Amino acid sequence: MTHNVAYLGRKLTHSVEGLGRFTAFCLTTTRWLFGGVGTWARAELLMNQFYQIGTRSVPVMMVVGAFVGMVLAVETYSEFAAIGQELRLGGIINISVVKQIGPVLAAVMLAGRIGGSVSAELGTMRVTEQLDALRVMGTDPVAYLVVPRVVACVVMIPFLTVFSDLLGIFGGYLITVRGFGVNGYAYWEFSARYVSIYDVFVGLAKSLFFGLSIGLISCYKGFYCRGGAEGVGRAATDAFVTSFLAIIVSNFFLAKFLKDFYHLMYGYGSVSAFSG
């Protein structure tokens with residue numbers, strides 16, 4: 001019994017310590033973001049991160065988005081056709097892609113492709129004492145290494161989400177209209193009626209928070225990596241798992257907040273895919 005209590009105490013202490021360290025890391029990053037623009041806002045730092053995080057992720061985002069739209073069409077067509085509502089599939093598929101599935105899947109793919117890579121890169125630099133070498137040369141590693149990666153994640157993920165959304169919409173159209181023979185005009189008519197500008201804003205706003213979470217968590221895991229090569233591998237795994245959890249949990253709270261904000265601004269009346 002005493003051993004179990006001591007173990008739980010150590011785990012709790014470790015968790016609180018980690019939370020405090022992560023909070024301090026986020027505050028340091030924020031301070032350098034606004035107070036050290038001359039250090040990190042350089043083309044050779046940002047352009048490389050934009051390319052690695054953004055441009056190289058476009059193909060996989062497009063493939064994932066297209067197949068998500070196609071899967072939604074395949075899974076929903078028979079149920080909607082059974083009640084004579086297959087013409088309205090455009091609204092259902094596209095609101096799902098733009099508002100929820102597109103931003104979340106884009107963030108999960110970014111966390112898998114970039115999160116582990118960033119944490120492994122920074123972790124390797126830590127265990128080989130390259131971070132200490134930067135400090136000796138008078139350069140803060142947070143400003144030089146962390147801030148450009150966080151900025152790139154935040155800036156590029158909305159563009160990646162747009163690519164994912166567009167291909168999801170096209171994939172849904174391809175299967176619904178070309179595959180199942182649903183009227184193409186009705187598909188786009190109900191899409192335009194049901195998917196509003198605010199829905200697009202919701203998806204992009206979520207993606208910004210997801211990108212910030214991925215950047216901060218991945219950099220933090222690599223920055224405080226320990227234990228040599230094994231520690232680097234563990235940091236990369238932890239970065240993806242923690243980022244994934246952060247995406248799923250924050251998605252709920254963001255969805256609730258943005259829904260309440262919509263009701264506050266525009267009232268409770270809203271257009272439905274089954275209206276009209």
# chains A, B, ... in the order shown; residues from 1 in each chain; ligands from 1

call {"tool": "residues_around", "arguments": {"residues": "Val155 of chain A", "least_positions_apart": "3", "cutoff": "9 Å", "atoms": "only C-alpha atoms", "output": "ChimeraX atom specification"}}
result
/A:50,54,150-152,158-159,208,211

call {"tool": "write_last_selection", "arguments": {"atoms": "C-alpha atoms", "output": "compact mmCIF listing (two decimals), in the first residue's frame"}}
result
# COMPACT_ATOMS: atom_id res chain seq x y z
CA PHE A 50 7.58 26.31 -45.00
CA GLY A 54 3.89 22.79 -45.97
CA VAL A 150 6.02 26.77 -34.72
CA VAL A 151 5.37 29.67 -37.08
CA ALA A 152 5.59 27.35 -40.09
CA PRO A 158 -4.65 26.36 -43.09
CA PHE A 159 -3.36 25.97 -46.66
CA LEU A 208 -4.69 27.30 -36.60
CA GLY A 211 -1.01 23.77 -35.94

call {"tool": "select_by_dssp", "arguments": {"residues": "segment 69-213 of chain A", "states": "alpha helix (DSSP H)", "output": "mmCIF file with N, CA and C atoms, in the first residue's frame"}}
result
data_model
loop_
_atom_site.group_PDB
_atom_site.id
_atom_site.type_symbol
_atom_site.label_atom_id
_atom_site.label_comp_id
_atom_site.auth_asym_id
_atom_site.auth_seq_id
_atom_site.Cartn_x
_atom_site.Cartn_y
_atom_site.Cartn_z
ATOM 1 N N GLY A 69 -13.558 12.085 -48.785
ATOM 2 C CA GLY A 69 -14.791 12.463 -49.464
ATOM 3 C C GLY A 69 -15.451 11.284 -50.154
ATOM 4 N N MET A 70 -14.656 10.427 -50.785
ATOM 5 C CA MET A 70 -15.209 9.266 -51.467
ATOM 6 C C MET A 70 -15.802 8.268 -50.485
ATOM 7 N N VAL A 71 -15.133 8.066 -49.364
ATOM 8 C CA VAL A 71 -15.651 7.135 -48.350
ATOM 9 C C VAL A 71 -16.969 7.652 -47.779
ATOM 10 N N LEU A 72 -17.051 8.953 -47.502
ATOM 11 C CA LEU A 72 -18.304 9.520 -47.003
ATOM 12 C C LEU A 72 -19.443 9.295 -47.990
ATOM 13 N N ALA A 73 -19.143 9.476 -49.274
ATOM 14 C CA ALA A 73 -20.181 9.270 -50.292
ATOM 15 C C ALA A 73 -20.628 7.809 -50.338
ATOM 16 N N VAL A 74 -19.681 6.890 -50.300
ATOM 17 C CA VAL A 74 -20.012 5.470 -50.350
ATOM 18 C C VAL A 74 -20.841 5.056 -49.134
ATOM 19 N N GLU A 75 -20.459 5.538 -47.954
ATOM 20 C CA GLU A 75 -21.114 5.115 -46.722
ATOM 21 C C GLU A 75 -22.488 5.747 -46.520
ATOM 22 N N THR A 76 -22.731 6.911 -47.098
ATOM 23 C CA THR A 76 -23.995 7.613 -46.843
ATOM 24 C C THR A 76 -25.011 7.488 -47.967
ATOM 25 N N TYR A 77 -24.583 7.135 -49.172
ATOM 26 C CA TYR A 77 -25.512 7.153 -50.306
ATOM 27 C C TYR A 77 -26.708 6.227 -50.102
ATOM 28 N N SER A 78 -26.461 4.974 -49.729
ATOM 29 C CA SER A 78 -27.560 4.008 -49.635
ATOM 30 C C SER A 78 -28.592 4.432 -48.594
ATOM 31 N N GLU A 79 -28.131 4.971 -47.450
ATOM 32 C CA GLU A 79 -29.065 5.401 -46.423
ATOM 33 C C GLU A 79 -29.905 6.581 -46.889
ATOM 34 N N PHE A 80 -29.286 7.535 -47.574
ATOM 35 C CA PHE A 80 -30.037 8.688 -48.047
ATOM 36 C C PHE A 80 -30.942 8.323 -49.219
ATOM 37 N N ALA A 81 -30.469 7.422 -50.071
ATOM 38 C CA ALA A 81 -31.298 6.988 -51.188
ATOM 39 C C ALA A 81 -32.539 6.242 -50.693
ATOM 40 N N ALA A 82 -32.415 5.527 -49.582
ATOM 41 C CA ALA A 82 -33.538 4.759 -49.043
ATOM 42 C C ALA A 82 -34.687 5.654 -48.606
ATOM 43 N N LEU A 89 -27.049 14.998 -50.663
ATOM 44 C CA LEU A 89 -25.772 14.476 -50.171
ATOM 45 C C LEU A 89 -24.649 15.508 -50.238
ATOM 46 N N GLY A 90 -24.700 16.398 -51.212
ATOM 47 C CA GLY A 90 -23.653 17.418 -51.330
ATOM 48 C C GLY A 90 -23.517 18.242 -50.073
ATOM 49 N N GLY A 91 -24.655 18.641 -49.494
ATOM 50 C CA GLY A 91 -24.602 19.424 -48.270
ATOM 51 C C GLY A 91 -24.022 18.658 -47.106
ATOM 52 N N ILE A 92 -24.432 17.379 -46.960
ATOM 53 C CA ILE A 92 -23.962 16.557 -45.846
ATOM 54 C C ILE A 92 -22.478 16.261 -45.966
ATOM 55 N N ILE A 93 -22.052 15.828 -47.133
ATOM 56 C CA ILE A 93 -20.644 15.463 -47.328
ATOM 57 C C ILE A 93 -19.734 16.670 -47.150
ATOM 58 N N ASN A 94 -20.096 17.764 -47.768
ATOM 59 C CA ASN A 94 -19.200 18.911 -47.793
ATOM 60 C C ASN A 94 -19.157 19.653 -46.457
ATOM 61 N N ILE A 95 -20.269 19.704 -45.723
ATOM 62 C CA ILE A 95 -20.207 20.325 -44.395
ATOM 63 C C ILE A 95 -19.361 19.476 -43.461
ATOM 64 N N SER A 96 -19.433 18.150 -43.620
ATOM 65 C CA SER A 96 -18.619 17.257 -42.787
ATOM 66 C C SER A 96 -17.139 17.442 -43.082
ATOM 67 N N GLY A 102 -12.012 17.505 -42.473
ATOM 68 C CA GLY A 102 -10.859 18.074 -43.161
ATOM 69 C C GLY A 102 -9.817 18.644 -42.220
ATOM 70 N N PRO A 103 -10.193 19.577 -41.331
ATOM 71 C CA PRO A 103 -9.198 20.139 -40.403
ATOM 72 C C PRO A 103 -8.573 19.105 -39.476
ATOM 73 N N VAL A 104 -9.384 18.180 -38.959
ATOM 74 C CA VAL A 104 -8.857 17.190 -38.016
ATOM 75 C C VAL A 104 -7.891 16.237 -38.708
ATOM 76 N N LEU A 105 -8.276 15.722 -39.872
ATOM 77 C CA LEU A 105 -7.390 14.788 -40.568
ATOM 78 C C LEU A 105 -6.126 15.479 -41.063
ATOM 79 N N ALA A 106 -6.251 16.713 -41.519
ATOM 80 C CA ALA A 106 -5.055 17.447 -41.936
ATOM 81 C C ALA A 106 -4.104 17.613 -40.762
ATOM 82 N N ALA A 107 -4.647 17.923 -39.583
ATOM 83 C CA ALA A 107 -3.808 18.085 -38.398
ATOM 84 C C ALA A 107 -3.183 16.761 -37.973
ATOM 85 N N VAL A 108 -3.957 15.681 -38.020
ATOM 86 C CA VAL A 108 -3.411 14.367 -37.645
ATOM 87 C C VAL A 108 -2.298 13.944 -38.599
ATOM 88 N N MET A 109 -2.500 14.175 -39.887
ATOM 89 C CA MET A 109 -1.462 13.832 -40.863
ATOM 90 C C MET A 109 -0.224 14.693 -40.649
ATOM 91 N N LEU A 110 -0.420 15.969 -40.331
ATOM 92 C CA LEU A 110 0.725 16.847 -40.075
ATOM 93 C C LEU A 110 1.465 16.399 -38.816
ATOM 94 N N GLY A 116 6.749 14.005 -35.449
ATOM 95 C CA GLY A 116 7.834 13.094 -35.114
ATOM 96 C C GLY A 116 9.166 13.551 -35.681
ATOM 97 N N SER A 117 9.135 14.099 -36.894
ATOM 98 C CA SER A 117 10.367 14.562 -37.527
ATOM 99 C C SER A 117 10.985 15.733 -36.766
ATOM 100 N N VAL A 118 10.156 16.694 -36.384
ATOM 101 C CA VAL A 118 10.655 17.861 -35.652
ATOM 102 C C VAL A 118 11.219 17.458 -34.298
ATOM 103 N N SER A 119 10.485 16.627 -33.563
ATOM 104 C CA SER A 119 10.958 16.215 -32.236
ATOM 105 C C SER A 119 12.232 15.392 -32.341
ATOM 106 N N ALA A 120 12.327 14.526 -33.366
ATOM 107 C CA ALA A 120 13.549 13.736 -33.542
ATOM 108 C C ALA A 120 14.734 14.619 -33.910
ATOM 109 N N GLU A 121 14.484 15.605 -34.755
ATOM 110 C CA GLU A 121 15.562 16.521 -35.160
ATOM 111 C C GLU A 121 16.090 17.310 -33.972
ATOM 112 N N LEU A 122 15.178 17.906 -33.208
ATOM 113 C CA LEU A 122 15.607 18.680 -32.048
ATOM 114 C C LEU A 122 16.167 17.774 -30.951
ATOM 115 N N GLY A 123 15.605 16.581 -30.808
ATOM 116 C CA GLY A 123 16.124 15.646 -29.822
ATOM 117 C C GLY A 123 17.539 15.215 -30.134
ATOM 118 N N THR A 124 17.815 14.975 -31.413
ATOM 119 C CA THR A 124 19.175 14.620 -31.812
ATOM 120 C C THR A 124 20.142 15.760 -31.529
ATOM 121 N N MET A 125 19.698 16.979 -31.782
ATOM 122 C CA MET A 125 20.547 18.135 -31.496
ATOM 123 C C MET A 125 20.793 18.280 -29.998
ATOM 124 N N ARG A 126 19.818 17.881 -29.187
ATOM 125 C CA ARG A 126 20.011 17.984 -27.739
ATOM 126 C C ARG A 126 21.000 16.940 -27.238
ATOM 127 N N VAL A 127 20.802 15.689 -27.657
ATOM 128 C CA VAL A 127 21.665 14.634 -27.125
ATOM 129 C C VAL A 127 23.087 14.745 -27.666
ATOM 130 N N GLN A 130 24.304 19.996 -29.514
ATOM 131 C CA GLN A 130 24.294 21.106 -30.462
ATOM 132 C C GLN A 130 23.520 22.302 -29.908
ATOM 133 N N LEU A 131 22.514 22.038 -29.081
ATOM 134 C CA LEU A 131 21.780 23.146 -28.465
ATOM 135 C C LEU A 131 22.682 23.940 -27.528
ATOM 136 N N ASP A 132 23.506 23.232 -26.778
ATOM 137 C CA ASP A 132 24.452 23.919 -25.903
ATOM 138 C C ASP A 132 25.464 24.723 -26.716
ATOM 139 N N ALA A 133 25.851 24.187 -27.867
ATOM 140 C CA ALA A 133 26.794 24.909 -28.722
ATOM 141 C C ALA A 133 26.189 26.220 -29.223
ATOM 142 N N LEU A 134 24.883 26.198 -29.536
ATOM 143 C CA LEU A 134 24.223 27.432 -29.953
ATOM 144 C C LEU A 134 24.242 28.469 -28.835
ATOM 145 N N ARG A 135 24.001 28.020 -27.615
ATOM 146 C CA ARG A 135 24.020 28.951 -26.486
ATOM 147 C C ARG A 135 25.410 29.550 -26.297
ATOM 148 N N VAL A 136 26.439 28.721 -26.453
ATOM 149 C CA VAL A 136 27.816 29.205 -26.311
ATOM 150 C C VAL A 136 28.110 30.283 -27.349
ATOM 151 N N PRO A 141 18.521 28.869 -28.630
ATOM 152 C CA PRO A 141 17.972 27.812 -29.488
ATOM 153 C C PRO A 141 16.467 27.881 -29.651
ATOM 154 N N VAL A 147 10.938 28.711 -32.716
ATOM 155 C CA VAL A 147 9.969 29.673 -33.233
ATOM 156 C C VAL A 147 9.721 29.508 -34.739
ATOM 157 N N PRO A 148 10.753 29.349 -35.588
ATOM 158 C CA PRO A 148 10.462 29.154 -37.020
ATOM 159 C C PRO A 148 9.605 27.928 -37.304
ATOM 160 N N ARG A 149 9.799 26.850 -36.549
ATOM 161 C CA ARG A 149 9.004 25.642 -36.763
ATOM 162 C C ARG A 149 7.556 25.827 -36.309
ATOM 163 N N VAL A 150 7.376 26.503 -35.195
ATOM 164 C CA VAL A 150 6.019 26.766 -34.720
ATOM 165 C C VAL A 150 5.286 27.691 -35.682
ATOM 166 N N VAL A 151 5.969 28.738 -36.127
ATOM 167 C CA VAL A 151 5.366 29.673 -37.077
ATOM 168 C C VAL A 151 4.994 28.954 -38.371
ATOM 169 N N ALA A 152 5.869 28.084 -38.852
ATOM 170 C CA ALA A 152 5.588 27.349 -40.088
ATOM 171 C C ALA A 152 4.375 26.441 -39.926
ATOM 172 N N CYS A 153 4.257 25.780 -38.785
ATOM 173 C CA CYS A 153 3.094 24.919 -38.543
ATOM 174 C C CYS A 153 1.802 25.733 -38.550
ATOM 175 N N VAL A 154 1.817 26.890 -37.888
ATOM 176 C CA VAL A 154 0.613 27.713 -37.798
ATOM 177 C C VAL A 154 0.256 28.305 -39.159
ATOM 178 N N VAL A 155 1.242 28.761 -39.907
ATOM 179 C CA VAL A 155 0.989 29.423 -41.186
ATOM 180 C C VAL A 155 0.571 28.429 -42.265
ATOM 181 N N MET A 156 1.189 27.258 -42.293
ATOM 182 C CA MET A 156 0.974 26.343 -43.406
ATOM 183 C C MET A 156 -0.234 25.441 -43.242
ATOM 184 N N ILE A 157 -0.650 25.131 -42.011
ATOM 185 C CA ILE A 157 -1.738 24.164 -41.863
ATOM 186 C C ILE A 157 -3.073 24.656 -42.428
ATOM 187 N N PRO A 158 -3.406 25.963 -42.405
ATOM 188 C CA PRO A 158 -4.645 26.357 -43.090
ATOM 189 C C PRO A 158 -4.609 26.077 -44.590
ATOM 190 N N PHE A 159 -3.468 26.272 -45.229
ATOM 191 C CA PHE A 159 -3.359 25.965 -46.657
ATOM 192 C C PHE A 159 -3.494 24.463 -46.902
ATOM 193 N N LEU A 160 -2.887 23.666 -46.045
ATOM 194 C CA LEU A 160 -3.014 22.218 -46.172
ATOM 195 C C LEU A 160 -4.457 21.777 -45.955
ATOM 196 N N THR A 161 -5.143 22.438 -45.030
ATOM 197 C CA THR A 161 -6.550 22.123 -44.787
ATOM 198 C C THR A 161 -7.397 22.452 -46.004
ATOM 199 N N VAL A 162 -7.097 23.558 -46.661
ATOM 200 C CA VAL A 162 -7.829 23.929 -47.875
ATOM 201 C C VAL A 162 -7.640 22.872 -48.958
ATOM 202 N N PHE A 163 -6.401 22.413 -49.151
ATOM 203 C CA PHE A 163 -6.157 21.349 -50.126
ATOM 204 C C PHE A 163 -6.943 20.097 -49.768
ATOM 205 N N SER A 164 -6.931 19.727 -48.498
ATOM 206 C CA SER A 164 -7.661 18.545 -48.048
ATOM 207 C C SER A 164 -9.158 18.711 -48.277
ATOM 208 N N ASP A 165 -9.693 19.900 -47.974
ATOM 209 C CA ASP A 165 -11.125 20.154 -48.157
ATOM 210 C C ASP A 165 -11.522 20.077 -49.630
ATOM 211 N N LEU A 166 -10.738 20.734 -50.481
ATOM 212 C CA LEU A 166 -11.074 20.760 -51.902
ATOM 213 C C LEU A 166 -11.084 19.361 -52.507
ATOM 214 N N LEU A 167 -10.096 18.565 -52.153
ATOM 215 C CA LEU A 167 -10.060 17.205 -52.692
ATOM 216 C C LEU A 167 -11.147 16.338 -52.075
ATOM 217 N N GLY A 168 -11.506 16.610 -50.805
ATOM 218 C CA GLY A 168 -12.622 15.886 -50.193
ATOM 219 C C GLY A 168 -13.934 16.190 -50.897
ATOM 220 N N ILE A 169 -14.150 17.465 -51.212
ATOM 221 C CA ILE A 169 -15.356 17.862 -51.937
ATOM 222 C C ILE A 169 -15.385 17.215 -53.324
ATOM 223 N N PHE A 170 -14.245 17.232 -54.004
ATOM 224 C CA PHE A 170 -14.169 16.626 -55.325
ATOM 225 C C PHE A 170 -14.380 15.109 -55.253
ATOM 226 N N GLY A 171 -13.786 14.461 -54.247
ATOM 227 C CA GLY A 171 -13.966 13.019 -54.097
ATOM 228 C C GLY A 171 -15.412 12.660 -53.839
ATOM 229 N N GLY A 172 -16.095 13.443 -52.995
ATOM 230 C CA GLY A 172 -17.515 13.207 -52.768
ATOM 231 C C GLY A 172 -18.330 13.401 -54.031
ATOM 232 N N TYR A 173 -17.999 14.446 -54.807
ATOM 233 C CA TYR A 173 -18.689 14.682 -56.082
ATOM 234 C C TYR A 173 -18.464 13.530 -57.052
ATOM 235 N N GLY A 184 -25.919 16.406 -60.690
ATOM 236 C CA GLY A 184 -24.788 17.247 -60.336
ATOM 237 C C GLY A 184 -25.200 18.635 -59.888
ATOM 238 N N TYR A 185 -26.220 19.188 -60.529
ATOM 239 C CA TYR A 185 -26.680 20.527 -60.134
ATOM 240 C C TYR A 185 -27.190 20.514 -58.697
ATOM 241 N N ALA A 186 -27.944 19.467 -58.346
ATOM 242 C CA ALA A 186 -28.471 19.369 -56.979
ATOM 243 C C ALA A 186 -27.338 19.217 -55.969
ATOM 244 N N TYR A 187 -26.303 18.473 -56.350
ATOM 245 C CA TYR A 187 -25.157 18.279 -55.448
ATOM 246 C C TYR A 187 -24.547 19.630 -55.078
ATOM 247 N N TRP A 188 -24.291 20.454 -56.085
ATOM 248 C CA TRP A 188 -23.665 21.746 -55.803
ATOM 249 C C TRP A 188 -24.649 22.741 -55.212
ATOM 250 N N GLU A 189 -25.933 22.628 -55.579
ATOM 251 C CA GLU A 189 -26.948 23.524 -55.038
ATOM 252 C C GLU A 189 -27.085 23.367 -53.526
ATOM 253 N N PHE A 190 -27.181 22.132 -53.057
ATOM 254 C CA PHE A 190 -27.313 21.914 -51.621
ATOM 255 C C PHE A 190 -25.987 22.181 -50.890
ATOM 256 N N SER A 191 -24.872 21.987 -51.577
ATOM 257 C CA SER A 191 -23.589 22.343 -50.974
ATOM 258 C C SER A 191 -23.514 23.843 -50.723
ATOM 259 N N ALA A 192 -23.876 24.636 -51.742
ATOM 260 C CA ALA A 192 -23.841 26.089 -51.606
ATOM 261 C C ALA A 192 -24.852 26.579 -50.570
ATOM 262 N N ARG A 193 -26.000 25.887 -50.459
ATOM 263 C CA ARG A 193 -27.031 26.301 -49.525
ATOM 264 C C ARG A 193 -26.647 26.000 -48.076
ATOM 265 N N TYR A 194 -25.980 24.882 -47.876
ATOM 266 C CA TYR A 194 -25.736 24.407 -46.512
ATOM 267 C C TYR A 194 -24.369 24.810 -45.970
ATOM 268 N N ILE A 197 -19.959 30.564 -45.283
ATOM 269 C CA ILE A 197 -18.633 31.125 -45.065
ATOM 270 C C ILE A 197 -18.185 30.882 -43.622
ATOM 271 N N TYR A 198 -19.128 30.946 -42.695
ATOM 272 C CA TYR A 198 -18.772 30.725 -41.296
ATOM 273 C C TYR A 198 -18.271 29.300 -41.083
ATOM 274 N N ASP A 199 -18.845 28.332 -41.785
ATOM 275 C CA ASP A 199 -18.385 26.950 -41.661
ATOM 276 C C ASP A 199 -16.942 26.807 -42.150
ATOM 277 N N VAL A 200 -16.628 27.489 -43.240
ATOM 278 C CA VAL A 200 -15.245 27.477 -43.732
ATOM 279 C C VAL A 200 -14.326 28.134 -42.702
ATOM 280 N N PHE A 201 -14.782 29.237 -42.116
ATOM 281 C CA PHE A 201 -14.003 29.913 -41.078
ATOM 282 C C PHE A 201 -13.768 29.001 -39.879
ATOM 283 N N VAL A 202 -14.790 28.248 -39.483
ATOM 284 C CA VAL A 202 -14.658 27.332 -38.347
ATOM 285 C C VAL A 202 -13.543 26.321 -38.612
ATOM 286 N N GLY A 203 -13.552 25.725 -39.812
ATOM 287 C CA GLY A 203 -12.519 24.741 -40.140
ATOM 288 C C GLY A 203 -11.127 25.341 -40.129
ATOM 289 N N LEU A 204 -10.975 26.533 -40.683
ATOM 290 C CA LEU A 204 -9.653 27.162 -40.734
ATOM 291 C C LEU A 204 -9.211 27.645 -39.357
ATOM 292 N N ALA A 205 -10.156 28.133 -38.544
ATOM 293 C CA ALA A 205 -9.810 28.565 -37.187
ATOM 294 C C ALA A 205 -9.327 27.373 -36.358
ATOM 295 N N LYS A 206 -10.002 26.249 -36.501
ATOM 296 C CA LYS A 206 -9.556 25.038 -35.801
ATOM 297 C C LYS A 206 -8.149 24.649 -36.238
ATOM 298 N N SER A 207 -7.891 24.738 -37.533
ATOM 299 C CA SER A 207 -6.589 24.317 -38.036
ATOM 300 C C SER A 207 -5.465 25.164 -37.447
ATOM 301 N N LEU A 208 -5.720 26.453 -37.203
ATOM 302 C CA LEU A 208 -4.694 27.302 -36.598
ATOM 303 C C LEU A 208 -4.329 26.816 -35.196
ATOM 304 N N PHE A 209 -5.332 26.481 -34.403
ATOM 305 C CA PHE A 209 -5.074 25.959 -33.057
ATOM 306 C C PHE A 209 -4.377 24.610 -33.122
ATOM 307 N N PHE A 210 -4.779 23.765 -34.071
ATOM 308 C CA PHE A 210 -4.138 22.463 -34.215
ATOM 309 C C PHE A 210 -2.666 22.632 -34.593
ATOM 310 N N GLY A 211 -2.390 23.544 -35.537
ATOM 311 C CA GLY A 211 -1.006 23.773 -35.943
ATOM 312 C C GLY A 211 -0.151 24.289 -34.807
ATOM 313 N N LEU A 212 -0.714 25.191 -34.011
ATOM 314 C CA LEU A 212 0.021 25.714 -32.855
ATOM 315 C C LEU A 212 0.317 24.596 -31.858
ATOM 316 N N SER A 213 -0.658 23.738 -31.608
ATOM 317 C CA SER A 213 -0.461 22.615 -30.682
ATOM 318 C C SER A 213 0.618 21.667 -31.178
#

call {"tool": "closest_residue", "arguments": {"among": "A:Glu129, A:Ala143, A:Gly112, A:Phe252", "to": "Asp238 of chain A", "atoms": "only C-alpha atoms"}}
result
A:Gly112

call {"tool": "closest_residue", "arguments": {"among": "A:Val60, A:Phe180, A:Phe25, A:Met137", "to": "Tyr224 of chain A", "atoms": "only C-alpha atoms"}}
result
A:Phe25

call {"tool": "closest_residue", "arguments": {"among": "A:Val97, A:Val232, A:Leu87, A:Met47", "to": "Val64 of chain A", "atoms": "only C-alpha atoms"}}
result
A:Val97

call {"tool": "closest_residue", "arguments": {"among": "A:Asp140, A:Phe67, A:Arg88, A:Ala236", "to": "Arg31 of chain A", "atoms": "only C-alpha atoms"}}
result
A:Asp140

call {"tool": "atom_distance", "arguments": {"atom1": "atom CA of Thr29 of chain A", "atom2": "atom CA of Val142 of chain A"}}
result
6.4 Å

call {"tool": "residues_around", "arguments": {"residues": "Ser218 of chain A", "least_positions_apart": "2", "cutoff": "8 Å", "atoms": "only C-alpha atoms", "output": "list in words"}}
result
Gly115, Gly116, Val118, Ser119, Ile214, Gly215, Leu216, Tyr220, Lys221, Gly222, Ala236, Ala239, Phe240 and Ser243 of chain A

call {"tool": "write_last_selection", "arguments": {"atoms": "C-alpha atoms", "output": "short mmCIF file (atom, residue, chain, number, x, y, z; two decimals), in the first residue's frame"}}
result
data_model
loop_
_atom_site.label_atom_id
_atom_site.label_comp_id
_atom_site.auth_asym_id
_atom_site.auth_seq_id
_atom_site.Cartn_x
_atom_site.Cartn_y
_atom_site.Cartn_z
CA GLY A 115 5.61 16.13 -35.39
CA GLY A 116 7.83 13.09 -35.11
CA VAL A 118 10.65 17.86 -35.65
CA SER A 119 10.96 16.22 -32.24
CA ILE A 214 1.54 20.40 -33.03
CA GLY A 215 4.40 22.89 -33.28
CA LEU A 216 4.70 23.54 -29.55
CA TYR A 220 8.97 20.66 -26.58
CA LYS A 221 9.33 16.87 -26.76
CA GLY A 222 12.51 17.17 -28.79
CA ALA A 236 9.20 11.28 -31.59
CA ALA A 239 5.19 13.97 -29.88
CA PHE A 240 2.71 12.27 -32.22
CA SER A 243 -0.33 15.99 -30.49
#

call {"tool": "decode", "arguments": {"residues": "segment 187-201 of chain A", "atoms": "C-alpha atoms", "output": "PDB file, in the first residue's frame"}}
result
ATOM      1  CA  TYR A 187     -25.157  18.279 -55.448  1.00  0.00           C
ATOM      2  CA  TRP A 188     -23.665  21.746 -55.803  1.00  0.00           C
ATOM      3  CA  GLU A 189     -26.948  23.524 -55.038  1.00  0.00           C
ATOM      4  CA  PHE A 190     -27.313  21.914 -51.621  1.00  0.00           C
ATOM      5  CA  SER A 191     -23.589  22.343 -50.974  1.00  0.00           C
ATOM      6  CA  ALA A 192     -23.841  26.089 -51.606  1.00  0.00           C
ATOM      7  CA  ARG A 193     -27.031  26.301 -49.525  1.00  0.00           C
ATOM      8  CA  TYR A 194     -25.736  24.407 -46.512  1.00  0.00           C
ATOM      9  CA  VAL A 195     -22.010  25.229 -46.368  1.00  0.00           C
ATOM     10  CA  SER A 196     -21.632  28.850 -45.291  1.00  0.00           C
ATOM     11  CA  ILE A 197     -18.633  31.125 -45.065  1.00  0.00           C
ATOM     12  CA  TYR A 198     -18.772  30.725 -41.296  1.00  0.00           C
ATOM     13  CA  ASP A 199     -18.385  26.950 -41.661  1.00  0.00           C
ATOM     14  CA  VAL A 200     -15.245  27.477 -43.732  1.00  0.00           C
ATOM     15  CA  PHE A 201     -14.003  29.913 -41.078  1.00  0.00           C
TER      16      PHE A 201
END
